[in-house]
Every structure is written in C-alpha cells, then in structure tokens.
$ cat input35.txt   # compact mmCIF, C-alpha atoms
# COMPACT_ATOMS: atom_id res chain seq x y z
CA MET A 7 7.16 -31.62 3.90
CA HIS A 8 5.57 -30.51 0.68
CA ASP A 9 5.83 -26.80 1.39
CA LEU A 10 9.57 -26.99 0.97
CA VAL A 11 9.11 -27.64 -2.74
CA ILE A 12 8.72 -23.94 -3.25
CA ALA A 13 11.03 -23.76 -6.22
CA SER A 14 8.73 -25.98 -8.22
CA SER A 15 5.86 -23.53 -8.13
CA ARG A 16 4.95 -22.31 -11.60
CA SER A 17 1.65 -20.67 -10.79
CA THR A 18 0.91 -17.05 -11.59
CA PRO A 19 2.85 -14.96 -9.10
CA SER A 20 0.67 -13.61 -6.35
CA TYR A 21 0.76 -9.96 -5.40
CA LEU A 22 3.17 -10.53 -2.55
CA SER A 23 5.51 -12.64 -4.56
CA ARG A 24 5.49 -10.06 -7.32
CA LEU A 25 6.31 -7.46 -4.73
CA ALA A 26 9.17 -9.56 -3.43
CA PHE A 27 10.28 -10.22 -6.99
CA ARG A 28 10.26 -6.50 -7.60
CA SER A 29 12.61 -6.07 -4.67
CA ALA A 30 14.85 -8.72 -6.12
CA PHE A 31 14.55 -7.03 -9.46
CA ASP A 32 15.45 -3.63 -7.99
CA SER A 33 18.45 -5.28 -6.44
CA LEU A 34 19.43 -6.52 -9.86
CA ILE A 35 19.09 -3.08 -11.36
CA TYR A 36 21.32 -1.50 -8.80
CA SER A 37 23.85 -4.25 -9.18
CA ASN A 38 23.97 -3.44 -12.89
CA ILE A 39 23.06 -6.99 -13.77
CA VAL A 40 20.94 -8.08 -16.68
CA ILE A 41 19.57 -11.36 -17.89
CA GLU A 42 20.15 -11.91 -21.57
CA HIS A 43 17.55 -14.54 -22.17
CA GLU A 44 14.26 -14.51 -24.01
CA ALA A 45 12.69 -17.61 -22.50
CA ASN A 46 9.87 -15.87 -20.68
CA PRO A 47 9.14 -12.43 -22.08
CA ASN A 48 6.64 -11.54 -19.36
CA LEU A 49 9.18 -11.87 -16.59
CA ILE A 50 12.58 -11.80 -18.16
CA SER A 51 11.81 -8.73 -20.21
CA TYR A 52 11.57 -6.65 -17.07
CA VAL A 53 15.15 -7.45 -16.30
CA ARG A 54 16.54 -6.73 -19.74
CA ALA A 55 17.52 -3.14 -19.84
CA GLY A 56 20.81 -2.83 -21.57
CA TYR A 57 23.00 -3.39 -18.56
CA GLU A 58 26.14 -5.39 -18.38
CA THR A 59 25.67 -9.11 -18.91
CA VAL A 60 26.77 -11.51 -16.20
CA SER A 61 27.28 -15.22 -16.18
CA SER A 62 24.60 -17.58 -14.96
CA VAL A 63 26.90 -18.58 -12.09
CA GLN A 64 27.06 -14.98 -10.90
CA LEU A 65 23.32 -14.68 -11.25
CA LEU A 66 22.79 -17.91 -9.34
CA GLY A 67 24.83 -16.55 -6.45
CA HIS A 68 22.96 -13.28 -6.58
CA PHE A 69 19.54 -14.89 -6.40
CA ASN A 70 20.68 -17.17 -3.59
CA ASP A 71 21.73 -14.07 -1.68
CA ILE A 72 18.32 -12.53 -2.26
CA VAL A 73 16.53 -15.65 -1.06
CA LEU A 74 18.65 -15.85 2.09
CA ASN A 75 18.14 -12.16 2.68
CA ILE A 76 14.37 -12.57 2.43
CA LEU A 77 14.46 -15.44 4.91
CA ASN A 78 16.69 -13.52 7.31
CA ASN A 79 14.34 -10.54 7.19
CA ALA A 80 11.49 -12.82 8.14
CA ARG A 81 13.05 -13.60 11.51
CA PRO A 82 11.47 -10.89 13.68
CA GLU A 83 7.94 -11.46 12.44
CA TYR A 84 8.07 -15.23 12.50
CA GLY A 85 10.21 -15.65 15.58
CA ASP A 86 8.36 -18.68 16.83
CA LEU A 87 9.08 -20.47 13.56
CA GLN A 88 12.82 -20.00 13.77
CA ASP A 89 13.66 -23.69 13.54
CA GLU A 90 11.49 -24.08 10.50
CA LEU A 91 13.00 -21.01 8.89
CA ASP A 92 16.50 -22.29 9.48
CA PHE A 93 15.50 -25.58 7.95
CA LYS A 94 14.06 -23.82 4.92
CA LYS A 95 17.24 -21.82 4.57
CA LYS A 96 19.33 -24.97 4.52
CA SER A 97 16.90 -26.69 2.17
CA TYR A 98 16.41 -23.86 -0.27
CA VAL A 99 19.39 -23.74 -2.56
CA LEU A 100 18.99 -22.68 -6.14
CA VAL A 101 20.78 -25.25 -8.23
CA THR A 102 19.70 -24.55 -11.77
CA ASN A 103 21.77 -22.46 -14.13
CA ASN A 104 18.88 -21.85 -16.49
CA TYR A 105 18.01 -18.15 -16.46
CA ASP A 106 14.30 -18.73 -16.88
CA GLU A 107 14.20 -21.15 -13.97
CA LEU A 108 16.26 -18.82 -11.84
CA VAL A 109 13.72 -16.06 -12.16
CA TYR A 110 10.86 -18.43 -11.45
CA ASP A 111 12.71 -19.87 -8.49
CA ALA A 112 13.24 -16.42 -7.03
CA ILE A 113 9.50 -15.92 -7.29
CA GLY A 114 8.97 -19.31 -5.71
CA ALA A 115 11.15 -18.26 -2.80
CA ALA A 116 9.06 -15.14 -2.37
CA GLU A 117 5.95 -17.30 -2.28
CA ILE A 118 7.13 -18.77 0.99
CA PHE A 119 5.62 -15.78 2.67
CA HIS A 120 2.38 -15.83 0.78
CA THR A 121 1.60 -19.51 0.85
CA CYS A 122 3.36 -20.93 3.88
CA LEU A 123 4.59 -18.70 6.64
CA PRO A 124 1.67 -16.29 7.04
CA ILE A 125 -0.75 -19.18 7.33
CA LYS A 126 1.35 -21.07 9.82
CA SER A 127 2.15 -17.98 11.85
CA ASP A 128 -1.46 -16.83 12.20
CA LYS A 129 -2.32 -16.02 15.76
CA SER A 130 -5.71 -17.09 16.96
CA ILE A 131 -8.45 -14.51 16.80
CA GLU A 132 -8.52 -14.47 20.58
CA GLU A 133 -4.81 -13.62 20.77
CA ILE A 134 -5.26 -10.77 18.32
CA GLU A 135 -8.29 -9.47 20.20
CA LEU A 136 -6.33 -9.54 23.45
CA GLU A 137 -3.56 -7.50 21.84
CA ILE A 138 -6.13 -5.02 20.47
CA VAL A 139 -7.58 -4.57 23.95
CA ASN A 140 -4.17 -4.24 25.58
CA THR A 141 -3.21 -1.62 23.00
CA PHE A 142 -6.33 0.51 23.15
CA LYS A 143 -7.30 0.27 26.82
CA LYS A 144 -4.58 2.83 27.62
CA VAL A 145 -6.53 5.46 25.66
CA PRO A 146 -9.02 7.16 28.02
CA GLU A 147 -11.30 8.29 25.18
CA ILE A 148 -12.03 4.69 24.14
CA SER A 149 -15.23 3.39 25.70
CA ALA A 150 -15.78 0.02 24.02
CA ILE A 151 -14.45 -2.30 21.31
CA TYR A 152 -16.35 -4.87 19.23
CA THR A 153 -15.00 -7.35 16.69
CA GLN A 154 -16.40 -9.61 14.01
CA THR A 155 -14.78 -11.60 11.21
CA TYR A 156 -15.75 -10.78 7.62
CA ARG A 157 -14.01 -12.05 4.46
CA ALA A 158 -10.27 -12.02 5.30
CA GLU A 159 -10.66 -9.32 7.95
CA LEU A 160 -11.15 -8.95 11.66
CA GLN A 161 -13.48 -5.96 11.60
CA THR A 162 -13.05 -3.92 14.74
CA THR A 163 -15.33 -1.11 15.91
CA VAL A 164 -13.80 1.24 18.46
CA PHE A 165 -16.27 3.50 20.27
CA LEU A 166 -15.02 6.86 21.48
CA SER A 167 -16.47 8.97 24.25
CA LEU A 168 -15.84 12.23 22.35
CA LYS A 169 -18.80 14.13 20.92
CA GLU A 170 -16.69 16.05 18.42
CA TYR A 171 -14.22 14.71 15.89
CA ASP A 172 -10.58 14.93 17.04
CA ASN A 173 -8.05 14.55 14.21
CA LEU A 174 -5.04 14.44 16.51
CA LEU A 175 -6.55 11.68 18.61
CA ILE A 176 -7.34 9.73 15.43
CA HIS A 177 -3.72 10.13 14.30
CA ASP A 178 -2.54 8.75 17.66
CA LEU A 179 -4.93 5.81 17.31
CA LEU A 180 -3.72 5.22 13.75
CA ASP A 181 -0.14 4.95 15.04
CA MET A 182 -1.35 2.09 17.25
CA GLU A 183 -3.36 0.56 14.41
CA TYR A 184 -0.32 0.64 12.15
CA ASP A 185 1.70 -1.36 14.66
CA LEU A 186 -1.15 -3.83 15.15
CA GLN A 187 -1.53 -4.39 11.41
CA ASN A 188 2.19 -4.98 11.03
CA LYS A 189 2.19 -7.40 13.94
CA PHE A 190 -0.90 -9.31 12.78
CA PRO A 191 -1.14 -9.37 8.98
CA ASN A 192 -3.61 -12.28 8.92
CA PRO A 193 -6.47 -11.74 9.27
CA ARG A 194 -6.20 -8.06 8.46
CA ILE A 195 -7.39 -5.87 11.33
CA ALA A 196 -9.87 -3.34 9.87
CA ILE A 197 -10.79 -0.67 12.41
CA SER A 198 -13.53 1.98 12.51
CA TYR A 199 -13.55 4.71 15.16
CA ILE A 200 -17.04 5.88 16.13
CA PRO A 201 -17.62 9.18 17.97
CA GLY A 202 -19.86 8.98 21.05
CA LEU A 203 -23.42 9.98 20.28
CA ASN A 204 -25.17 8.55 23.30
CA GLN A 205 -26.85 5.82 21.34
CA ASP A 206 -27.16 2.10 21.81
CA ARG A 207 -23.88 0.65 20.54
CA ARG A 208 -25.61 -2.57 19.59
CA THR A 209 -27.59 -0.72 16.95
CA ILE A 210 -24.35 0.28 15.23
CA VAL A 211 -22.32 -2.93 15.24
CA HIS A 212 -23.30 -6.15 13.49
CA PRO A 213 -25.69 -8.38 15.50
CA HIS A 214 -22.98 -11.06 15.67
CA ALA A 215 -20.20 -8.68 16.72
CA LYS A 216 -18.43 -9.61 19.92
CA LEU A 217 -17.82 -7.12 22.73
CA ILE A 218 -14.14 -7.49 23.66
CA TYR A 219 -13.69 -4.35 25.77
CA ASP A 220 -16.10 -2.18 27.78
CA LYS A 221 -14.69 0.59 29.90
CA ILE A 222 -17.77 0.81 32.11
CA HIS A 223 -17.79 -2.87 32.96
CA GLY A 224 -13.99 -3.23 33.01
CA MET B 30 -11.07 2.55 -14.58
CA ALA B 31 -9.19 5.55 -15.71
CA GLU B 32 -5.67 6.35 -16.80
CA CYS B 33 -3.29 8.70 -15.00
CA ALA B 34 -4.34 12.03 -16.52
CA VAL B 35 -8.00 11.34 -15.79
CA HIS B 36 -7.21 10.41 -12.18
CA LEU B 37 -5.14 13.56 -11.73
CA ALA B 38 -7.86 15.77 -13.24
CA GLN B 39 -10.51 14.24 -10.99
CA ALA B 40 -8.22 14.48 -7.96
CA ASP B 41 -7.56 18.19 -8.65
CA HIS B 42 -11.29 18.78 -9.16
CA ASN B 43 -12.15 17.09 -5.85
CA GLU B 44 -9.39 18.93 -4.03
CA GLY B 45 -10.72 22.21 -5.44
CA MET B 46 -14.14 21.43 -3.99
CA ALA B 47 -12.59 20.42 -0.64
CA ARG B 48 -10.79 23.76 -0.43
CA PHE B 49 -13.80 25.73 -1.70
CA LEU B 50 -15.89 24.34 1.17
CA LEU B 51 -13.32 25.09 3.88
CA ASP B 52 -14.90 28.38 4.84
CA LYS B 53 -18.49 27.24 4.28
CA PRO B 54 -20.64 25.38 6.83
CA PHE B 55 -20.31 22.08 4.94
CA PHE B 56 -17.18 20.79 6.62
CA ASP B 57 -18.29 17.16 6.32
CA TRP B 58 -18.43 17.51 2.53
CA SER B 59 -15.07 19.24 2.43
CA ILE B 60 -13.60 16.22 4.24
CA THR B 61 -15.38 13.79 1.91
CA ALA B 62 -14.12 15.63 -1.19
CA ALA B 63 -10.58 15.53 0.26
CA PHE B 64 -10.79 11.76 0.68
CA TYR B 65 -12.01 11.21 -2.88
CA SER B 66 -9.21 13.45 -4.08
CA ALA B 67 -6.67 11.28 -2.22
CA ILE B 68 -8.06 8.13 -3.84
CA HIS B 69 -7.54 9.53 -7.32
CA PHE B 70 -4.05 10.79 -6.49
CA PHE B 71 -3.14 7.29 -5.30
CA GLU B 72 -4.63 5.63 -8.39
CA ALA B 73 -2.64 8.04 -10.58
CA ARG B 74 0.55 6.97 -8.82
CA LEU B 75 -0.28 3.28 -9.31
CA PHE B 76 -0.96 3.82 -12.98
CA VAL B 77 2.39 5.47 -13.59
CA GLU B 78 4.51 3.30 -11.29
CA PHE B 79 3.50 -0.18 -12.38
CA ALA B 80 3.93 -1.75 -15.80
CA ASP B 81 1.76 -4.80 -15.08
CA PRO B 82 -1.79 -3.90 -16.25
CA ASN B 83 -3.29 -5.68 -13.22
CA GLU B 84 -1.27 -3.56 -10.83
CA LYS B 85 -2.18 -0.26 -12.43
CA HIS B 86 -5.50 -0.17 -10.57
CA THR B 87 -6.51 -1.12 -7.04
CA GLU B 88 -9.61 -2.96 -8.23
CA THR B 89 -7.74 -5.28 -10.60
CA SER B 90 -5.15 -6.38 -8.07
CA ILE B 91 -7.44 -7.49 -5.21
CA PRO B 92 -6.54 -11.08 -4.22
CA VAL B 93 -9.24 -13.72 -4.56
CA ASP B 94 -9.89 -16.76 -2.38
CA SER B 95 -10.06 -20.38 -3.52
CA GLU B 96 -13.66 -19.83 -4.69
CA GLY B 97 -12.71 -16.82 -6.76
CA LYS B 98 -14.30 -14.33 -4.39
CA LEU B 99 -12.54 -11.07 -3.57
CA LYS B 100 -10.78 -11.28 -0.22
CA PHE B 101 -10.98 -7.56 0.47
CA THR B 102 -13.07 -4.55 -0.42
CA PRO B 103 -11.38 -2.03 -2.76
CA HIS B 104 -11.07 0.48 0.13
CA SER B 105 -9.49 -2.13 2.36
CA TRP B 106 -7.10 -3.41 -0.33
CA ARG B 107 -6.09 0.12 -1.29
CA GLU B 108 -5.07 0.81 2.31
CA GLN B 109 -3.03 -2.39 2.39
CA LEU B 110 -1.24 -1.41 -0.82
CA ILE B 111 -0.42 1.98 0.66
CA ARG B 112 0.77 0.46 3.94
CA THR B 113 3.02 -2.11 2.32
CA ARG B 114 4.44 0.01 -0.50
CA TYR B 115 4.74 3.55 0.78
CA SER B 116 5.69 5.46 3.94
CA LYS B 117 3.88 5.25 7.24
CA GLU B 118 3.01 8.94 6.85
CA THR B 119 1.27 8.21 3.53
CA TRP B 120 -0.76 5.42 5.10
CA LYS B 121 -1.64 7.39 8.22
CA CYS B 122 -2.84 10.49 6.38
CA PHE B 123 -4.77 8.46 3.78
CA ARG B 124 -6.31 6.33 6.53
CA SER B 125 -7.19 9.48 8.50
CA LEU B 126 -9.02 10.87 5.46
CA ARG B 127 -10.96 7.66 5.00
CA GLU B 128 -11.88 7.51 8.68
CA SER B 129 -13.14 11.08 8.90
CA SER B 130 -15.02 10.90 5.59
CA GLN B 131 -16.60 7.60 6.59
CA THR B 132 -17.83 9.16 9.81
CA ALA B 133 -19.12 12.15 7.83
CA ARG B 134 -21.00 9.98 5.34
CA TYR B 135 -22.35 7.16 7.45
CA LEU B 136 -22.58 8.09 11.12
CA SER B 137 -26.20 9.32 10.81
CA ASN B 138 -27.16 6.13 9.03
CA MET B 139 -25.47 3.45 11.08
CA ASN B 140 -28.53 2.29 12.99
CA ARG B 141 -29.66 -1.04 11.66
CA ASP B 142 -33.12 -1.04 13.23
CA ALA B 143 -35.73 1.40 14.47
CA ARG B 144 -35.11 0.88 18.17
CA ALA B 145 -32.58 3.67 18.36
CA PHE B 146 -31.87 6.86 16.49
CA SER B 147 -28.86 9.11 16.22
CA LEU B 148 -29.25 12.03 18.57
CA LYS B 149 -27.17 14.28 16.35
CA PRO B 150 -26.58 14.40 12.60
CA ALA B 151 -23.11 13.35 11.47
CA PHE B 152 -22.12 16.79 10.21
CA SER B 153 -22.50 18.20 13.73
CA VAL B 154 -19.37 16.39 14.96
CA PHE B 155 -17.15 18.28 12.47
CA SER B 156 -15.84 21.82 12.67
CA GLU B 157 -13.85 24.01 10.31
CA LYS B 158 -10.74 22.92 12.24
CA ASN B 159 -11.41 19.28 11.29
CA ALA B 160 -11.91 20.13 7.63
CA ARG B 161 -8.73 22.21 7.52
CA PHE B 162 -6.78 19.37 9.12
CA SER B 163 -8.07 16.93 6.53
CA VAL B 164 -7.27 19.16 3.58
CA GLU B 165 -4.17 21.03 4.71
CA ASN B 166 -2.49 18.27 6.69
CA ASP B 167 -3.74 14.89 5.49
CA LEU B 168 -4.37 15.52 1.79
CA THR B 169 -1.26 17.67 1.43
CA SER B 170 0.87 14.95 3.05
CA VAL B 171 -0.59 12.24 0.82
CA LYS B 172 0.22 14.29 -2.28
CA ARG B 173 3.75 15.02 -1.12
CA GLU B 174 4.53 11.46 -0.03
CA LEU B 175 3.15 9.97 -3.25
CA LYS B 176 5.17 12.53 -5.25
CA ILE B 177 2.14 13.57 -7.24
CA ASP B 178 3.92 16.51 -8.85
CA LEU B 179 6.54 14.13 -10.23
CA VAL B 180 3.93 11.48 -11.14
CA GLY B 181 2.11 13.97 -13.38
CA PHE B 182 5.35 15.06 -14.98
CA ILE B 183 6.55 11.50 -15.63
CA HIS B 184 3.20 10.64 -17.19
CA SER B 185 3.45 13.62 -19.52
CA LEU B 186 6.82 12.35 -20.79
CA GLU B 187 5.24 9.09 -22.07
CA ILE B 188 8.49 7.20 -21.48
CA ASP B 189 6.64 3.91 -21.21
CA LYS B 190 5.07 4.42 -24.62
CA ALA B 191 8.43 5.18 -26.21
CA ASP B 192 10.00 2.01 -24.77
CA PRO B 193 7.72 -0.17 -22.63
CA ILE B 194 10.48 -2.26 -21.07
CA ARG B 195 13.22 0.29 -20.47
CA GLY B 196 10.57 2.91 -19.76
CA ALA B 197 9.28 0.93 -16.78
CA LEU B 198 12.78 0.83 -15.34
CA ILE B 199 13.37 4.52 -15.86
CA VAL B 200 10.03 5.41 -14.27
CA GLY B 201 10.90 3.29 -11.22
CA LYS B 202 14.27 5.00 -10.84
CA LEU B 203 12.76 8.46 -11.26
CA LEU B 204 10.21 7.77 -8.51
CA ASP B 205 12.86 6.27 -6.25
CA ASN B 206 15.36 9.09 -6.62
CA PHE B 207 13.44 12.34 -7.02
CA GLY B 208 10.66 14.06 -5.12
CA THR B 209 9.46 16.66 -7.59
CA ARG B 210 9.72 17.69 -11.22
CA ALA B 211 11.96 20.60 -10.17
CA GLU B 212 14.38 18.26 -8.39
CA LEU B 213 14.75 16.18 -11.55
CA LEU B 214 15.21 19.09 -13.90
CA ASN B 215 17.77 20.59 -11.56
CA GLU B 216 20.11 17.65 -12.18
CA THR B 217 22.82 17.70 -14.81
CA LYS B 218 23.30 14.91 -17.31
CA ASP B 219 26.56 14.02 -15.58
CA SER B 220 24.97 13.71 -12.16
CA LEU B 221 22.19 11.57 -13.61
CA ARG B 222 24.81 9.10 -14.89
CA GLN B 223 25.12 7.88 -11.29
CA ILE B 224 21.58 6.57 -11.57
CA PHE B 225 20.92 6.00 -15.27
CA SER B 226 22.77 4.40 -18.14
CA LYS B 227 23.66 6.55 -21.14
CA SER B 228 20.86 5.02 -23.19
CA ASP B 229 18.38 5.75 -20.36
CA ILE B 230 19.43 9.39 -20.35
CA ASP B 231 19.17 9.59 -24.13
CA LEU B 232 15.63 8.25 -23.96
CA LEU B 233 14.75 10.62 -21.12
CA GLN B 234 16.22 13.53 -23.03
CA ALA B 235 14.28 12.62 -26.16
CA GLN B 236 11.00 12.51 -24.29
CA LEU B 237 11.76 15.80 -22.53
CA ALA B 238 12.42 17.41 -25.89
CA LYS B 239 8.91 16.50 -27.00
CA ILE B 240 7.52 18.75 -24.31
CA GLU B 241 10.17 21.37 -25.02
CA THR B 242 12.12 20.73 -21.83
CA SER B 243 15.68 19.56 -21.36
CA LEU B 244 18.13 18.36 -18.76
CA LYS B 245 20.89 20.66 -17.60
CA THR B 246 24.17 20.20 -19.41
CA THR B 247 26.43 21.64 -16.72
$ encode --input "input35.txt" --output "structure tokens"
Amino acid sequence: MHDLVIASSRSTPSYLSRLAFRSAFDSLIYSNIVIEHEANPNLISYVRAGYETVSSVQLLGHFNDIVLNILNNARPEYGDLQDELDFKKKSYVLVTNNYDELVYDAIGAAEIFHTCLPIKSDKSIEEIELEIVNTFKKVPEISAIYTQTYRAELQTTVFLSLKEYDNLLIHDLLDMEYDLQNKFPNPRIAISYIPGLNQDRRTIVHPHAKLIYDKIHG
Amino acid sequence: MAECAVHLAQADHNEGMARFLLDKPFFDWSITAAFYSAIHFFEARLFVEFADPNEKHTETSIPVDSEGKLKFTPHSWREQLIRTRYSKETWKCFRSLRESSQTARYLSNMNRDARAFSLKPAFSVFSEKNARFSVENDLTSVKRELKIDLVGFIHSLEIDKADPIRGALIVGKLLDNFGTRAELLNETKDSLRQIFSKSDIDLLQAQLAKIETSLKTT
C-alpha cells in the first residue's frame, strides 16, 4: 500500500499540510520546545525562537503524539475508514532521530489528509446532492435547486421564492451551508442564493446544470 | 497585490463609502462597497499573520491541479481560507456580504440568452434595512473577528522586520491572545511573561518605543 509511505514525502508542503504543520508548530511553541538545528532553514527556522532545547528523543515522542492526535481527530469525518485509520496509526511511527527528518515527517503525516484520506472518503456527487436536498427542502422559501460541477466545485444554485432580499434568512441558510461544507469537503459545495424574480430559471443556471429539487413538482 | 497598510487604507475607504450610502437610495452599492471592504480587511490580516510570502495573499496560495490550473477562483479560495482558519461567525458574515453583493451586482445580468428578461432590476430587491445589516452587522463582525484593530497595530510595530523569525512567532502569539490594541497595552510586562519569553518582550518593547508607546510596568 504505497500511500502508507507518507514519511518519505519530500515534496513542497501543500496548503493543508502547512496548516497542520502550523498546528504542530504551535504545539511546540506552547510546550516551550525548540529545535536547535540548521539543516533546513525554511522549515526549521520557524521553530527556532530561543526556547529551551530538548533532546531528539523528547522531540521524537512529541511529534509522534502530534501525529497520533491528528489521526484521532480524523475519526469523526472519516468514520467509514476506521480500519484503515487504525492501520495507519499502527504503521506510522517516527523512527528517525534526525531533527530535519522529524520536521519533514510531521509534514508527511499531515499530508495524509491532503493526498490520501480526502480522496478516498469522497462521497459520490449523487450522495452529496441528496444531502443538499434533504438539508434545504425543510426551508419553505426555497423553490428549486440546481447543481453542476466546475473545477473542484459542485456549484449549487438555490432559488428562493422571496422578492426582496432577507439577510436573516440568508444567515440561516449559511448555517446549513457551513455544516454541508464541513461534511463534504471534496468537491467543495459552492452555493448561490437567487431571489425569485418570476423568470425562467433555466435562463439563469448553466445549460448543463441538473435540477435536483423542485418544490412545485416535489 | 498590496501590503497590509494599503489593504487597510482601501478597506477603510470602501467602508466609508458603504456607510456614506446607507441613507441614500443606492443600497446595492452600499452593500457592494461593504463586501470589498471586507476583502481588504481579510487580506490585511493574511499579510500580517503569515510569514510565508505565498500565504500572505489569497491569490498566491490557491492550489493548482496536476495540469497547473487553479482549482478554485480567488473568491472561492478566500472563503475556504476563512472557513478553515477563523471562526464560523467570520465565515458566515463574510459569506453573507459576498452573497448579497453578488446578487446586487449580477442579478440583472444573469440571463444567458434573449428568451427571458429580468422583470425587476437587481437594486429593487434591496432596502435600507438590507444595507444596514450588511454594514452594521456583517462588516462589523468581520472586522471584530479578524481583530483588524490589532492587525493594524501589529503591522505598525514592524516586529517582523526587526527579527523575521522571532517576529513571526510573536505576531502569532499576539493574534492568538489579544483582541485589540487596548487589550495588549493594558497588560503588564509581568503578565505578558506567561505568554512571551523575556527576549520576546524586549523585542516587543523596543518596537513599541519606536512609535512612542510602552507596556505597563505594574
């Protein structure tokens, strides 16, 4: 299983892995730990700040804790991959005592989420669309919903029956959107809410957009 | 792309226009100005918070696919950054501003062919109440949640220029632990020792002295 060789990754850290690294880094700061090593100035320098020096063994344990913590936090979102996660946890043990490699390995661990789990945990478009409909059909002001895929997004157009803009309703809808985006990070659900102007909806949405909910027709 | 002070100046300018238009019959433009103010406030926060040059701007941190094409539009990516890095309230109010301004700008022009026409111009769906909500609720919340007052103050201290590595750490701690400039300056040196090392405080004190400000001693 090649995706278990996460520690060997030496590519430029992606945004998500940098974010995860930053969390690990913050954890280091608050633990008053510093890495006294110049091997990689771009990464290591962020962690050199005049704090107390610790041994590589202590650091190794600390990074292992971070990695396990990251994997444990992944449980709710990737519940159906529990066996795989447990396997990764058992497989991923940082063994090096080289500071430079430790930092890179922590980044590699973070890359699990970016390169492996999100892809494998993707729901089908149809499943996401069903969840969108189930979420929004409870809102009486919603008259129809269309979707289309574009770039890395599931673009979703929600038609409202209101003739005037309603900020409070939009805030309620955004609460629902927030939960949907957290539940389905890939593809990203990008939603537009269109006030009702008595015009042909098909002239607003893309010609290839799919009607997934229509209040009139049920 | 601009640096922090330019973003803040443009954000203040746009907010001024948004407020100026609140009691004029151009509520759609008030909302639009509020949204463009929020964008610049967010970009100012990014610029101050992140040391990595690529992460200082939304446009330079957009992920690319295997063919090198951008996976998201800048608007879309900016909203993802806000959702993953800051509070739900920040995301919801920023998203609300984008939604209302998008309706204001594009609703009249959404028809893709000549078979149908909007029956009403976009500005007719907005009232003064909508504009006030956008400016006084949404924009105000975005500024508060992103700690814009503190962001401007931190930038004026130029801590990162005095010491790029340690400065980045100090900036992160300031943003994590304080909400406003007044909150920071209300702390004594002793109380700050719970967060910062002595050398951090010395650096902070030195930069404060350059703008003729100081930390409390008792």
$ residues_around --input "input35.txt" --residues "segment 202-213 of chain B" --least-positions-apart "3" --cutoff "8 Å" --atoms "all atoms listed in the file" --output "PyMOL selection string"
chain B and resi 78+176-180+182+198-199+216+224
$ write_last_selection --input "input35.txt" --atoms "C-alpha atoms" --output "PDB file, in the coordinates of the input"
ATOM      1  CA  GLU B  78       4.510   3.300 -11.290  1.00  0.00           C
ATOM      2  CA  LYS B 176       5.170  12.530  -5.250  1.00  0.00           C
ATOM      3  CA  ILE B 177       2.140  13.570  -7.240  1.00  0.00           C
ATOM      4  CA  ASP B 178       3.920  16.510  -8.850  1.00  0.00           C
ATOM      5  CA  LEU B 179       6.540  14.130 -10.230  1.00  0.00           C
ATOM      6  CA  VAL B 180       3.930  11.480 -11.140  1.00  0.00           C
ATOM      7  CA  PHE B 182       5.350  15.060 -14.980  1.00  0.00           C
ATOM      8  CA  LEU B 198      12.780   0.830 -15.340  1.00  0.00           C
ATOM      9  CA  ILE B 199      13.370   4.520 -15.860  1.00  0.00           C
ATOM     10  CA  GLU B 216      20.110  17.650 -12.180  1.00  0.00           C
ATOM     11  CA  ILE B 224      21.580   6.570 -11.570  1.00  0.00           C
TER      12      ILE B 224
END
$ residues_around --input "input35.txt" --residues "segment 168-170 of chain A" --least-positions-apart "5" --cutoff "9 Å" --atoms "only C-alpha atoms" --output "ChimeraX atom specification"
/A:147-148,200-204 /B:153-156
$ atom_distance --input "input35.txt" --atom1 "atom CA of Ala67 of chain B" --atom2 "atom CA of Lys53 of chain B"
20.9 Å
$ atom_distance --input "input35.txt" --atom1 "atom CA of His104 of chain B" --atom2 "atom CA of Ile68 of chain B"
9.1 Å
$ interface_residues --input "input35.txt" --of "chain A" --to "chain B" --cutoff "6 Å" --atoms "all atoms listed in the file" --output "VMD selection string"
chain A and resid 55 157 to 158 170 to 171 209 to 210
$ write_last_selection --input "input35.txt" --atoms "C-alpha atoms" --output "tab-separated table (two decimals), in the frame of the given file"
chain	number	residue	atom	x	y	z
A	55	ALA	CA	17.52	-3.14	-19.84
A	157	ARG	CA	-14.01	-12.05	4.46
A	158	ALA	CA	-10.27	-12.02	5.30
A	170	GLU	CA	-16.69	16.05	18.42
A	171	TYR	CA	-14.22	14.71	15.89
A	209	THR	CA	-27.59	-0.72	16.95
A	210	ILE	CA	-24.35	0.28	15.23
$ residues_around --input "input35.txt" --residues "Phe71 of chain B" --least-positions-apart "3" --cutoff "9 Å" --atoms "only C-alpha atoms" --output "ChimeraX atom specification"
/B:36,66-68,74-76,107,111,171-172,175,177
$ closest_residue --input "input35.txt" --among "A:Ser130, A:Thr163, A:Asn188, A:Gln154" --to "Phe142 of chain A" --atoms "all atoms listed in the file"
A:Thr163
$ closest_residue --input "input35.txt" --among "B:Lys245, B:Gln236, B:Ser116, B:Thr89" --to "Ser220 of chain B" --atoms "all atoms listed in the file"
B:Lys245
$ atom_distance --input "input35.txt" --atom1 "atom CA of Ser149 of chain A" --atom2 "atom CA of Asp206 of chain A"
12.6 Å
$ closest_residue --input "input35.txt" --among "A:Leu174, A:Val211, A:Leu160, A:Leu136" --to "Asn166 of chain B" --atoms "only C-alpha atoms"
A:Leu174
$ closest_residue --input "input35.txt" --among "A:Leu166, A:Lys143, A:Glu135, A:Ala196" --to "Tyr184 of chain A" --atoms "only C-alpha atoms"
A:Ala196
$ closest_residue --input "input35.txt" --among "A:Ala215, A:Glu133, A:Thr141, A:Glu183" --to "Tyr156 of chain A" --atoms "all atoms listed in the file"
A:Ala215
$ closest_residue --input "input35.txt" --among "B:Leu244, B:Ala34, B:Ala191, B:Met46" --to "Tyr65 of chain B" --atoms "all atoms listed in the file"
B:Met46
